file query.cif (mmCIF, C-alpha atoms)
data_work
loop_
_atom_site.group_PDB
_atom_site.id
_atom_site.type_symbol
_atom_site.label_atom_id
_atom_site.label_comp_id
_atom_site.auth_asym_id
_atom_site.auth_seq_id
_atom_site.Cartn_x
_atom_site.Cartn_y
_atom_site.Cartn_z
ATOM 1 C CA MET A 1 90.062 106.136 83.560
ATOM 2 C CA ALA A 2 91.333 103.445 85.870
ATOM 3 C CA SER A 3 94.366 104.319 87.920
ATOM 4 C CA SER A 4 97.647 102.886 86.716
ATOM 5 C CA SER A 5 100.841 101.921 88.493
ATOM 6 C CA LEU A 6 102.903 101.823 85.287
ATOM 7 C CA ARG A 7 106.420 103.134 85.637
ATOM 8 C CA PHE A 8 107.620 104.817 82.464
ATOM 9 C CA ALA A 9 111.180 105.055 81.277
ATOM 10 C CA GLN A 10 112.412 108.433 80.120
ATOM 11 C CA PRO A 11 112.324 108.577 76.268
ATOM 12 C CA THR A 12 115.500 109.785 74.596
ATOM 13 C CA PHE A 13 113.783 111.742 71.812
ATOM 14 C CA PRO A 14 110.444 113.643 71.616
ATOM 15 C CA ASN A 15 108.993 110.916 69.393
ATOM 16 C CA SER A 16 110.077 107.493 70.568
ATOM 17 C CA ILE A 17 108.988 104.080 71.780
ATOM 18 C CA LEU A 18 108.221 103.720 75.462
ATOM 19 C CA LYS A 19 108.061 100.193 76.921
ATOM 20 C CA THR A 20 106.631 98.866 80.158
ATOM 21 C CA LYS A 21 106.237 95.309 81.383
ATOM 22 C CA THR A 22 102.696 95.174 80.026
ATOM 23 C CA ASN A 23 102.427 97.626 77.123
ATOM 24 C CA THR A 24 104.439 99.471 74.498
ATOM 25 C CA PHE A 25 103.595 103.111 73.844
ATOM 26 C CA PHE A 26 104.457 105.695 71.213
ATOM 27 C CA VAL A 27 105.281 109.038 72.769
ATOM 28 C CA SER A 28 103.713 111.598 70.458
ATOM 29 C CA LYS A 29 104.647 114.586 72.564
ATOM 30 C CA ASN A 30 107.281 114.997 75.200
ATOM 31 C CA VAL A 31 106.706 117.809 77.641
ATOM 32 C CA PHE A 32 109.024 116.840 80.458
ATOM 33 C CA PRO A 33 109.924 120.041 82.324
ATOM 34 C CA THR A 34 113.365 121.129 83.313
ATOM 35 C CA PRO A 35 114.234 119.506 86.661
ATOM 36 C CA VAL A 36 114.076 121.733 89.701
ATOM 37 C CA ARG A 37 116.929 121.163 92.096
ATOM 38 C CA ASN A 38 116.959 121.873 95.785
ATOM 39 C CA LYS A 39 120.043 121.234 97.910
ATOM 40 C CA GLY A 40 121.385 118.773 95.378
ATOM 41 C CA LYS A 41 118.198 116.713 95.219
ATOM 42 C CA ALA A 42 115.687 116.841 92.388
ATOM 43 C CA SER A 43 112.159 117.679 93.421
ATOM 44 C CA ASN A 44 109.165 115.984 91.837
ATOM 45 C CA ALA A 45 107.817 117.713 88.743
ATOM 46 C CA HIS A 46 104.431 117.293 87.090
ATOM 47 C CA ALA A 47 104.246 116.445 83.419
ATOM 48 C CA ILE A 48 101.481 115.584 80.993
ATOM 49 C CA THR A 49 102.533 113.221 78.227
ATOM 50 C CA LYS A 50 100.357 112.221 75.294
ATOM 51 C CA LEU A 51 100.632 108.489 74.781
ATOM 52 C CA ALA A 52 99.101 106.233 72.191
ATOM 53 C CA CYS A 53 99.323 102.467 72.613
ATOM 54 C CA VAL A 54 101.217 100.812 69.766
ATOM 55 C CA ASN A 55 99.388 97.484 70.103
ATOM 56 C CA LYS A 56 96.060 99.373 69.974
ATOM 57 C CA THR A 57 94.613 97.394 72.837
ATOM 58 C CA THR A 58 94.678 100.426 75.070
ATOM 59 C CA GLU A 59 94.896 104.157 74.554
ATOM 60 C CA ILE A 60 96.051 106.627 77.086
ATOM 61 C CA ALA A 61 95.205 110.098 75.820
ATOM 62 C CA ALA A 62 96.842 111.897 78.678
ATOM 63 C CA CYS A 63 98.617 110.832 81.829
ATOM 64 C CA ASN A 64 99.250 112.978 84.856
ATOM 65 C CA GLN A 65 102.586 111.649 85.995
ATOM 66 C CA ILE A 66 104.717 112.736 88.907
ATOM 67 C CA ILE A 67 108.179 112.531 87.540
ATOM 68 C CA GLY A 68 111.422 113.154 89.367
ATOM 69 C CA ASP A 69 114.610 114.394 87.826
ATOM 70 C CA VAL A 70 114.448 112.887 84.345
ATOM 71 C CA ASN A 71 118.206 113.048 84.002
ATOM 72 C CA ALA A 72 118.888 111.193 87.222
ATOM 73 C CA LYS A 73 119.120 107.462 87.734
ATOM 74 C CA LEU A 74 119.103 105.431 90.897
ATOM 75 C CA MET A 75 122.403 105.789 92.661
ATOM 76 C CA PRO A 76 124.505 102.606 92.611
ATOM 77 C CA LEU A 77 124.325 100.569 95.784
ATOM 78 C CA ARG A 78 127.297 100.306 98.104
ATOM 79 C CA ILE A 79 127.418 96.626 99.008
ATOM 80 C CA GLY A 80 129.671 95.363 101.776
ATOM 81 C CA ILE A 81 130.688 91.728 101.368
ATOM 82 C CA ILE A 82 131.786 89.841 104.479
ATOM 83 C CA GLY A 83 133.697 86.713 103.460
ATOM 84 C CA PHE A 84 135.604 87.261 100.242
ATOM 85 C CA GLY A 85 136.656 83.748 99.263
ATOM 86 C CA ASN A 86 135.907 82.146 95.892
ATOM 87 C CA PHE A 87 132.150 82.550 96.154
ATOM 88 C CA GLY A 88 132.324 86.094 97.513
ATOM 89 C CA GLN A 89 134.557 87.115 94.608
ATOM 90 C CA PHE A 90 132.274 85.333 92.159
ATOM 91 C CA ILE A 91 129.211 87.255 93.394
ATOM 92 C CA ALA A 92 131.173 90.517 93.571
ATOM 93 C CA LYS A 93 131.919 90.349 89.850
ATOM 94 C CA GLY A 94 128.194 90.228 89.118
ATOM 95 C CA LEU A 95 127.574 93.217 91.388
ATOM 96 C CA ARG A 96 130.266 95.186 89.562
ATOM 97 C CA ARG A 97 128.900 94.212 86.152
ATOM 98 C CA GLN A 98 125.657 95.887 87.183
ATOM 99 C CA GLY A 99 127.485 99.055 88.171
ATOM 100 C CA HIS A 100 127.402 98.828 91.965
ATOM 101 C CA PHE A 101 130.211 99.551 94.419
ATOM 102 C CA VAL A 102 131.757 96.606 96.243
ATOM 103 C CA LEU A 103 133.375 96.912 99.656
ATOM 104 C CA ALA A 104 134.878 93.690 100.981
ATOM 105 C CA THR A 105 136.460 92.268 104.088
ATOM 106 C CA SER A 106 137.798 88.808 104.863
ATOM 107 C CA ARG A 107 140.291 86.956 107.036
ATOM 108 C CA SER A 108 142.761 86.791 104.147
ATOM 109 C CA ASP A 109 144.155 89.863 102.424
ATOM 110 C CA TYR A 110 142.467 90.473 99.078
ATOM 111 C CA SER A 111 143.484 94.131 98.760
ATOM 112 C CA GLU A 112 145.436 93.565 95.548
ATOM 113 C CA TYR A 113 142.597 91.592 93.972
ATOM 114 C CA CYS A 114 140.114 94.359 94.864
ATOM 115 C CA LYS A 115 142.423 97.046 93.520
ATOM 116 C CA GLN A 116 142.679 95.246 90.192
ATOM 117 C CA ASN A 117 138.909 94.744 89.952
ATOM 118 C CA GLY A 118 137.627 98.158 90.982
ATOM 119 C CA MET A 119 136.616 97.190 94.518
ATOM 120 C CA GLN A 120 137.612 98.340 97.995
ATOM 121 C CA PHE A 121 139.122 96.001 100.557
ATOM 122 C CA PHE A 122 139.066 96.583 104.322
ATOM 123 C CA ARG A 123 141.245 94.680 106.774
ATOM 124 C CA ASN A 124 138.470 94.345 109.347
ATOM 125 C CA MET A 125 134.707 94.646 109.735
ATOM 126 C CA ASP A 126 134.958 97.802 111.828
ATOM 127 C CA ALA A 127 136.558 99.683 108.961
ATOM 128 C CA LEU A 128 134.020 98.360 106.471
ATOM 129 C CA CYS A 129 131.022 99.206 108.672
ATOM 130 C CA GLU A 130 132.306 102.737 109.191
ATOM 131 C CA GLU A 131 131.707 103.213 105.459
ATOM 132 C CA GLN A 132 127.998 102.526 106.123
ATOM 133 C CA PRO A 133 127.169 100.441 103.034
ATOM 134 C CA ASP A 134 123.556 100.145 101.903
ATOM 135 C CA VAL A 135 123.668 96.344 101.993
ATOM 136 C CA ILE A 136 125.729 93.920 104.063
ATOM 137 C CA LEU A 137 126.068 90.661 102.132
ATOM 138 C CA VAL A 138 127.273 87.723 104.226
ATOM 139 C CA CYS A 139 129.256 85.302 102.046
ATOM 140 C CA SER A 140 130.888 83.288 104.817
ATOM 141 C CA SER A 141 130.800 79.524 105.233
ATOM 142 C CA ILE A 142 127.781 78.056 106.984
ATOM 143 C CA LEU A 143 129.913 76.944 109.925
ATOM 144 C CA SER A 144 131.403 80.386 110.598
ATOM 145 C CA THR A 145 128.277 82.468 109.980
ATOM 146 C CA GLU A 146 127.011 82.760 113.544
ATOM 147 C CA ASN A 147 130.338 83.983 114.948
ATOM 148 C CA ILE A 148 130.698 86.460 112.102
ATOM 149 C CA ILE A 149 127.203 87.941 112.406
ATOM 150 C CA ARG A 150 127.536 88.295 116.174
ATOM 151 C CA SER A 151 130.856 90.139 115.744
ATOM 152 C CA ILE A 152 129.576 92.765 113.267
ATOM 153 C CA PRO A 153 129.672 96.276 114.848
ATOM 154 C CA ILE A 154 126.017 96.971 114.094
ATOM 155 C CA HIS A 155 126.091 100.333 115.888
ATOM 156 C CA LYS A 156 128.325 101.720 113.121
ATOM 157 C CA LEU A 157 125.769 100.997 110.399
ATOM 158 C CA LYS A 158 122.826 103.049 109.212
ATOM 159 C CA PRO A 159 119.582 102.083 111.027
ATOM 160 C CA ASP A 160 117.915 100.955 107.783
ATOM 161 C CA THR A 161 120.820 98.837 106.493
ATOM 162 C CA ILE A 162 119.773 95.713 104.605
ATOM 163 C CA PHE A 163 121.368 92.415 105.590
ATOM 164 C CA ALA A 164 121.461 89.584 103.072
ATOM 165 C CA ASP A 165 123.193 86.226 102.892
ATOM 166 C CA VAL A 166 123.979 83.636 100.240
ATOM 167 C CA LEU A 167 124.074 80.521 102.403
ATOM 168 C CA SER A 168 122.924 77.188 101.011
ATOM 169 C CA VAL A 169 120.649 76.729 104.023
ATOM 170 C CA LYS A 170 118.070 79.369 104.784
ATOM 171 C CA GLN A 171 116.221 78.886 108.086
ATOM 172 C CA PHE A 172 119.499 79.097 109.993
ATOM 173 C CA PRO A 173 120.586 82.588 108.816
ATOM 174 C CA LYS A 174 116.984 83.838 108.894
ATOM 175 C CA ASN A 175 116.665 82.960 112.581
ATOM 176 C CA LEU A 176 120.087 84.458 113.333
ATOM 177 C CA PHE A 177 119.254 87.737 111.625
ATOM 178 C CA LEU A 178 115.912 87.999 113.418
ATOM 179 C CA GLU A 179 117.582 87.323 116.753
ATOM 180 C CA ILE A 180 120.552 89.661 116.410
ATOM 181 C CA LEU A 181 119.589 92.589 114.182
ATOM 182 C CA PRO A 182 117.660 95.614 115.477
ATOM 183 C CA PRO A 183 114.048 95.937 114.238
ATOM 184 C CA GLY A 184 114.792 98.658 111.669
ATOM 185 C CA PHE A 185 117.355 96.616 109.758
ATOM 186 C CA GLY A 186 116.163 94.958 106.569
ATOM 187 C CA ILE A 187 116.576 91.202 106.099
ATOM 188 C CA VAL A 188 116.702 89.407 102.745
ATOM 189 C CA CYS A 189 117.677 85.741 102.710
ATOM 190 C CA THR A 190 118.940 84.569 99.332
ATOM 191 C CA HIS A 191 120.446 81.506 97.742
ATOM 192 C CA PRO A 192 122.045 81.781 94.310
ATOM 193 C CA MET A 193 121.715 78.135 93.316
ATOM 194 C CA PHE A 194 124.877 78.191 91.264
ATOM 195 C CA GLY A 195 128.536 78.885 91.824
ATOM 196 C CA PRO A 196 131.856 79.655 90.144
ATOM 197 C CA GLU A 197 131.771 76.376 88.207
ATOM 198 C CA SER A 198 128.110 76.182 87.152
ATOM 199 C CA GLY A 199 127.889 79.934 86.608
ATOM 200 C CA LYS A 200 131.198 80.491 84.853
ATOM 201 C CA ASN A 201 129.488 81.127 81.510
ATOM 202 C CA GLY A 202 126.905 83.528 82.895
ATOM 203 C CA TRP A 203 123.911 83.419 85.209
ATOM 204 C CA ASN A 204 121.201 83.381 82.574
ATOM 205 C CA GLY A 205 118.391 80.980 83.510
ATOM 206 C CA LEU A 206 120.032 79.908 86.781
ATOM 207 C CA PRO A 207 117.725 79.912 89.839
ATOM 208 C CA PHE A 208 118.065 82.612 92.475
ATOM 209 C CA VAL A 209 115.927 81.882 95.539
ATOM 210 C CA PHE A 210 115.029 84.672 97.940
ATOM 211 C CA GLU A 211 112.720 85.681 100.760
ATOM 212 C CA LYS A 212 112.175 89.273 101.832
ATOM 213 C CA VAL A 213 112.037 88.397 105.511
ATOM 214 C CA ARG A 214 111.772 91.939 106.844
ATOM 215 C CA VAL A 215 111.718 94.908 104.511
ATOM 216 C CA THR A 216 109.631 98.060 104.693
ATOM 217 C CA ASP A 217 106.707 98.295 102.258
ATOM 218 C CA ALA A 218 107.809 101.709 101.003
ATOM 219 C CA GLY A 219 110.619 104.210 101.328
ATOM 220 C CA THR A 220 114.363 104.038 100.877
ATOM 221 C CA GLN A 221 114.820 100.547 102.305
ATOM 222 C CA ALA A 222 112.152 99.086 100.007
ATOM 223 C CA GLU A 223 113.731 100.784 96.984
ATOM 224 C CA LYS A 224 117.203 99.531 97.834
ATOM 225 C CA CYS A 225 115.912 96.010 98.369
ATOM 226 C CA THR A 226 114.317 96.080 94.909
ATOM 227 C CA GLN A 227 117.532 97.496 93.482
ATOM 228 C CA PHE A 228 119.557 94.718 95.116
ATOM 229 C CA LEU A 229 117.326 91.928 93.798
ATOM 230 C CA ASP A 230 117.290 93.565 90.357
ATOM 231 C CA ILE A 231 121.025 92.883 90.122
ATOM 232 C CA PHE A 232 120.376 89.166 89.821
ATOM 233 C CA GLU A 233 117.341 89.592 87.602
ATOM 234 C CA GLN A 234 119.344 91.784 85.214
ATOM 235 C CA GLU A 235 122.064 89.124 85.138
ATOM 236 C CA GLY A 236 119.418 86.756 83.782
ATOM 237 C CA CYS A 237 118.701 84.688 86.889
ATOM 238 C CA ARG A 238 115.388 82.886 87.228
ATOM 239 C CA MET A 239 113.997 84.631 90.295
ATOM 240 C CA VAL A 240 112.252 82.235 92.708
ATOM 241 C CA GLU A 241 110.552 83.787 95.733
ATOM 242 C CA MET A 242 109.827 81.289 98.512
ATOM 243 C CA THR A 243 110.065 81.062 102.279
ATOM 244 C CA CYS A 244 113.265 79.891 103.918
ATOM 245 C CA GLU A 245 111.391 76.916 105.377
ATOM 246 C CA GLU A 246 110.169 75.823 101.954
ATOM 247 C CA HIS A 247 113.651 76.261 100.495
ATOM 248 C CA ASP A 248 115.198 73.970 103.092
ATOM 249 C CA ARG A 249 112.610 71.273 102.471
ATOM 250 C CA HIS A 250 113.379 71.312 98.756
ATOM 251 C CA ALA A 251 117.146 71.611 99.277
ATOM 252 C CA ALA A 252 117.263 68.541 101.519
ATOM 253 C CA GLY A 253 115.770 66.491 98.702
ATOM 254 C CA SER A 254 117.915 67.946 95.939
ATOM 255 C CA GLN A 255 121.073 69.796 96.910
ATOM 256 C CA PHE A 256 122.047 67.626 99.868
ATOM 257 C CA ILE A 257 121.415 64.417 97.902
ATOM 258 C CA THR A 258 123.391 65.788 94.930
ATOM 259 C CA HIS A 259 126.403 66.620 97.095
ATOM 260 C CA THR A 260 126.210 63.256 98.857
ATOM 261 C CA ILE A 261 126.147 61.268 95.602
ATOM 262 C CA GLY A 262 128.935 63.413 94.157
ATOM 263 C CA ARG A 263 131.183 62.814 97.145
ATOM 264 C CA ILE A 264 130.531 59.082 97.100
ATOM 265 C CA LEU A 265 131.458 58.989 93.400
ATOM 266 C CA SER A 266 134.648 60.959 94.066
ATOM 267 C CA HIS A 267 135.990 58.052 96.138
ATOM 268 C CA LEU A 268 135.621 55.708 93.145
ATOM 269 C CA ASN A 269 138.268 57.627 91.163
ATOM 270 C CA LEU A 270 136.119 57.661 88.029
ATOM 271 C CA GLU A 271 137.836 58.649 84.784
ATOM 272 C CA SER A 272 136.647 59.535 81.320
ATOM 273 C CA THR A 273 136.979 56.842 78.650
ATOM 274 C CA PRO A 274 136.918 56.908 74.821
ATOM 275 C CA ILE A 275 133.449 55.324 74.925
ATOM 276 C CA SER A 276 131.898 57.281 77.791
ATOM 277 C CA THR A 277 128.123 57.572 77.529
ATOM 278 C CA LYS A 278 126.235 60.814 78.146
ATOM 279 C CA GLY A 279 125.006 59.444 81.456
ATOM 280 C CA TYR A 280 128.538 58.610 82.553
ATOM 281 C CA LYS A 281 129.770 62.064 81.524
ATOM 282 C CA THR A 282 126.976 63.565 83.615
ATOM 283 C CA LEU A 283 128.237 61.625 86.642
ATOM 284 C CA LEU A 284 131.788 62.848 86.021
ATOM 285 C CA GLN A 285 130.563 66.437 85.836
ATOM 286 C CA LEU A 286 128.526 65.969 89.013
ATOM 287 C CA THR A 287 131.627 64.703 90.796
ATOM 288 C CA LYS A 288 133.671 67.657 89.555
ATOM 289 C CA ASN A 289 131.073 70.210 90.628
ATOM 290 C CA THR A 290 130.566 68.838 94.127
ATOM 291 C CA VAL A 291 134.177 68.160 95.119
ATOM 292 C CA SER A 292 135.136 71.685 94.026
ATOM 293 C CA ASP A 293 133.127 72.884 97.027
ATOM 294 C CA SER A 294 134.621 72.615 100.497
ATOM 295 C CA PHE A 295 133.747 69.800 102.869
ATOM 296 C CA ASP A 296 132.585 72.507 105.298
ATOM 297 C CA LEU A 297 129.791 73.322 102.847
ATOM 298 C CA TYR A 298 128.710 69.694 102.667
ATOM 299 C CA TYR A 299 128.872 69.354 106.439
ATOM 300 C CA GLY A 300 126.861 72.550 106.819
ATOM 301 C CA LEU A 301 124.184 71.290 104.424
ATOM 302 C CA PHE A 302 123.671 68.363 106.750
ATOM 303 C CA MET A 303 124.094 69.959 110.171
ATOM 304 C CA TYR A 304 122.163 73.191 109.554
ATOM 305 C CA ASN A 305 119.202 71.899 107.576
ATOM 306 C CA VAL A 306 116.744 70.138 109.853
ATOM 307 C CA ASN A 307 115.318 68.276 106.852
ATOM 308 C CA ALA A 308 118.639 66.729 105.800
ATOM 309 C CA THR A 309 118.776 64.043 108.509
ATOM 310 C CA GLU A 310 115.641 62.446 107.090
ATOM 311 C CA GLN A 311 117.274 62.233 103.663
ATOM 312 C CA ALA A 312 120.522 60.894 105.129
ATOM 313 C CA SER A 313 118.645 57.949 106.666
ATOM 314 C CA ILE A 314 118.239 56.352 103.222
ATOM 315 C CA PHE A 315 121.990 55.741 102.897
#

call {"tool": "encode", "arguments": {"input": "query.cif", "output": "structure tokens"}}
result
Amino acid sequence: MASSSLRFAQPTFPNSILKTKTNTFFVSKNVFPTPVRNKGKASNAHAITKLACVNKTTEIAACNQIIGDVNAKLMPLRIGIIGFGNFGQFIAKGLRRQGHFVLATSRSDYSEYCKQNGMQFFRNMDALCEEQPDVILVCSSILSTENIIRSIPIHKLKPDTIFADVLSVKQFPKNLFLEILPPGFGIVCTHPMFGPESGKNGWNGLPFVFEKVRVTDAGTQAEKCTQFLDIFEQEGCRMVEMTCEEHDRHAAGSQFITHTIGRILSHLNLESTPISTKGYKTLLQLTKNTVSDSFDLYYGLFMYNVNATEQASIF
């Protein structure tokens, strides 16, 4: 029988439905053993489970599976957010919805907000890094990112810590991370292509662009990277994996142009009318979405994307 890389969920009852990404199985016999614990950690246990494929396209008479503690789940990630303004808070809510711990730091004091929303706030990066989160998520403005990354006390973090960002430009933070971070640190560059306004009713179907710039192929770091990206997939995002260079090429022709048009329209003081067409309403919404973002973001889209100057030449 061909080898399989299927990962099975633990069935709740002896006879139950077991689903994978490719097949659905009926578990006719459940012989999961009692977990063996050693120093608080479950050891791997062997189990043989009789499976019959419900869709009858495949039958697996018996599978030798190496199964860990069937009662245990992946531990929630501890994610440290640097830059806890509107966007940082917006992302943090999604992280909490998926059951992960949020540790935050920012120039302003958000301790009361964090207390009310089940998060931890730290007055400075030193205190946050001493907590050794699994992931450091940089949610700063484009313009302040370099100073912030260079001021992080990296020596206080675990040597396999994953660094991620949510900047609207991608080559810039990628190059910074590669320059500054030690070789063992993981790097994941991401861009949730939505914000507090466009994502206020949920993230379902909204694009989330990412590149795993430097992550181990296996082990704890690889697992935590998958767990981190799963947060956005579970929230319903349309996951788009592409290089940072490709992202910036596309963004110069879409995001930068969108923000430019929106800001031009904002100076016309457009207002809704009783006979507004759908096209006109779209322009009003575009104006609202773009001016709700800071001018620093717009400036950063131009200054830190090498492809944007070419687009700007058409104006």

call {"tool": "residues_around", "arguments": {"input": "query.cif", "residues": "segment 235-250 of chain A", "least_positions_apart": "2", "cutoff": "8 Å", "atoms": "all atoms listed in the file", "output": "tab-separated table (two decimals) with C-alpha atoms, in the frame of the given file"}}
result
chain	number	residue	atom	x	y	z
A	94	GLY	CA	128.19	90.23	89.12
A	98	GLN	CA	125.66	95.89	87.18
A	169	VAL	CA	120.65	76.73	104.02
A	170	LYS	CA	118.07	79.37	104.78
A	171	GLN	CA	116.22	78.89	108.09
A	174	LYS	CA	116.98	83.84	108.89
A	189	CYS	CA	117.68	85.74	102.71
A	202	GLY	CA	126.90	83.53	82.90
A	203	TRP	CA	123.91	83.42	85.21
A	204	ASN	CA	121.20	83.38	82.57
A	205	GLY	CA	118.39	80.98	83.51
A	206	LEU	CA	120.03	79.91	86.78
A	207	PRO	CA	117.72	79.91	89.84
A	208	PHE	CA	118.06	82.61	92.48
A	209	VAL	CA	115.93	81.88	95.54
A	210	PHE	CA	115.03	84.67	97.94
A	211	GLU	CA	112.72	85.68	100.76
A	231	ILE	CA	121.02	92.88	90.12
A	232	PHE	CA	120.38	89.17	89.82
A	233	GLU	CA	117.34	89.59	87.60
A	252	ALA	CA	117.26	68.54	101.52
A	253	GLY	CA	115.77	66.49	98.70
A	254	SER	CA	117.92	67.95	95.94
A	305	ASN	CA	119.20	71.90	107.58
A	306	VAL	CA	116.74	70.14	109.85
A	307	ASN	CA	115.32	68.28	106.85

call {"tool": "resolve_selection", "arguments": {"input": "query.cif", "expression": "the PyMOL selection byres ((chain A and resi 87) around 10)", "output": "PyMOL selection string"}}
result
chain A and resi 83-86+88-92+139-141+166+194-196+293

call {"tool": "residues_near_point", "arguments": {"input": "query.cif", "point": "(125.8, 91.8, 105.7)", "cutoff": "12 Å", "atoms": "all atoms listed in the file", "output": "number ranges by chain"}}
result
A: 78-83, 88, 103-105, 125, 128-129, 132-140, 145, 148-154, 157, 161-167, 173, 177, 181, 185-190

call {"tool": "closest_residue", "arguments": {"input": "query.cif", "among": "A:Tyr110, A:Asp217, A:Met119, A:Pro159", "to": "Arg97 of chain A", "atoms": "all atoms listed in the file"}}
result
A:Met119

call {"tool": "axis_aligned_box", "arguments": {"input": "query.cif", "around": "segment 277-280 of chain A", "padding_each_side": "8 Å", "output": "JSON"}}
result
{"center_x": 126.8, "center_y": 59.2, "center_z": 80.0, "size_x": 19.5, "size_y": 19.2, "size_z": 21.0}

call {"tool": "closest_residue", "arguments": {"input": "query.cif", "among": "A:Thr282, A:Leu95, A:Val102, A:His155", "to": "Asp126 of chain A", "atoms": "only C-alpha atoms"}}
result
A:His155

call {"tool": "atom_distance", "arguments": {"input": "query.cif", "atom1": "atom CA of Glu131 of chain A", "atom2": "atom CA of Met75 of chain A"}}
result
16.0 Å

call {"tool": "resolve_selection", "arguments": {"input": "query.cif", "expression": "the PyMOL selection byres ((chain A and resi 224) around 10)", "output": "mmCIF file with C-alpha atoms, in the coordinates of the input"}}
result
data_model
loop_
_atom_site.group_PDB
_atom_site.id
_atom_site.type_symbol
_atom_site.label_atom_id
_atom_site.label_comp_id
_atom_site.auth_asym_id
_atom_site.auth_seq_id
_atom_site.Cartn_x
_atom_site.Cartn_y
_atom_site.Cartn_z
ATOM 1 C CA LEU A 74 119.103 105.431 90.897
ATOM 2 C CA MET A 75 122.403 105.789 92.661
ATOM 3 C CA PRO A 76 124.505 102.606 92.611
ATOM 4 C CA LEU A 77 124.325 100.569 95.784
ATOM 5 C CA ASP A 134 123.556 100.145 101.903
ATOM 6 C CA VAL A 135 123.668 96.344 101.993
ATOM 7 C CA THR A 161 120.820 98.837 106.493
ATOM 8 C CA ILE A 162 119.773 95.713 104.605
ATOM 9 C CA GLY A 186 116.163 94.958 106.569
ATOM 10 C CA VAL A 215 111.718 94.908 104.511
ATOM 11 C CA GLY A 219 110.619 104.210 101.328
ATOM 12 C CA THR A 220 114.363 104.038 100.877
ATOM 13 C CA GLN A 221 114.820 100.547 102.305
ATOM 14 C CA ALA A 222 112.152 99.086 100.007
ATOM 15 C CA GLU A 223 113.731 100.784 96.984
ATOM 16 C CA CYS A 225 115.912 96.010 98.369
ATOM 17 C CA THR A 226 114.317 96.080 94.909
ATOM 18 C CA GLN A 227 117.532 97.496 93.482
ATOM 19 C CA PHE A 228 119.557 94.718 95.116
ATOM 20 C CA LEU A 229 117.326 91.928 93.798
ATOM 21 C CA ASP A 230 117.290 93.565 90.357
#

call {"tool": "atom_distance", "arguments": {"input": "query.cif", "atom1": "atom CA of Asn201 of chain A", "atom2": "atom CA of Phe122 of chain A"}}
result
29.2 Å

call {"tool": "resolve_selection", "arguments": {"input": "query.cif", "expression": "the PyMOL selection byres ((chain A and resi 264-270) around 10)", "output": "MDAnalysis selection string"}}
result
chainID A and resid 259:263 271:273 280 283:284 286:288 290:291
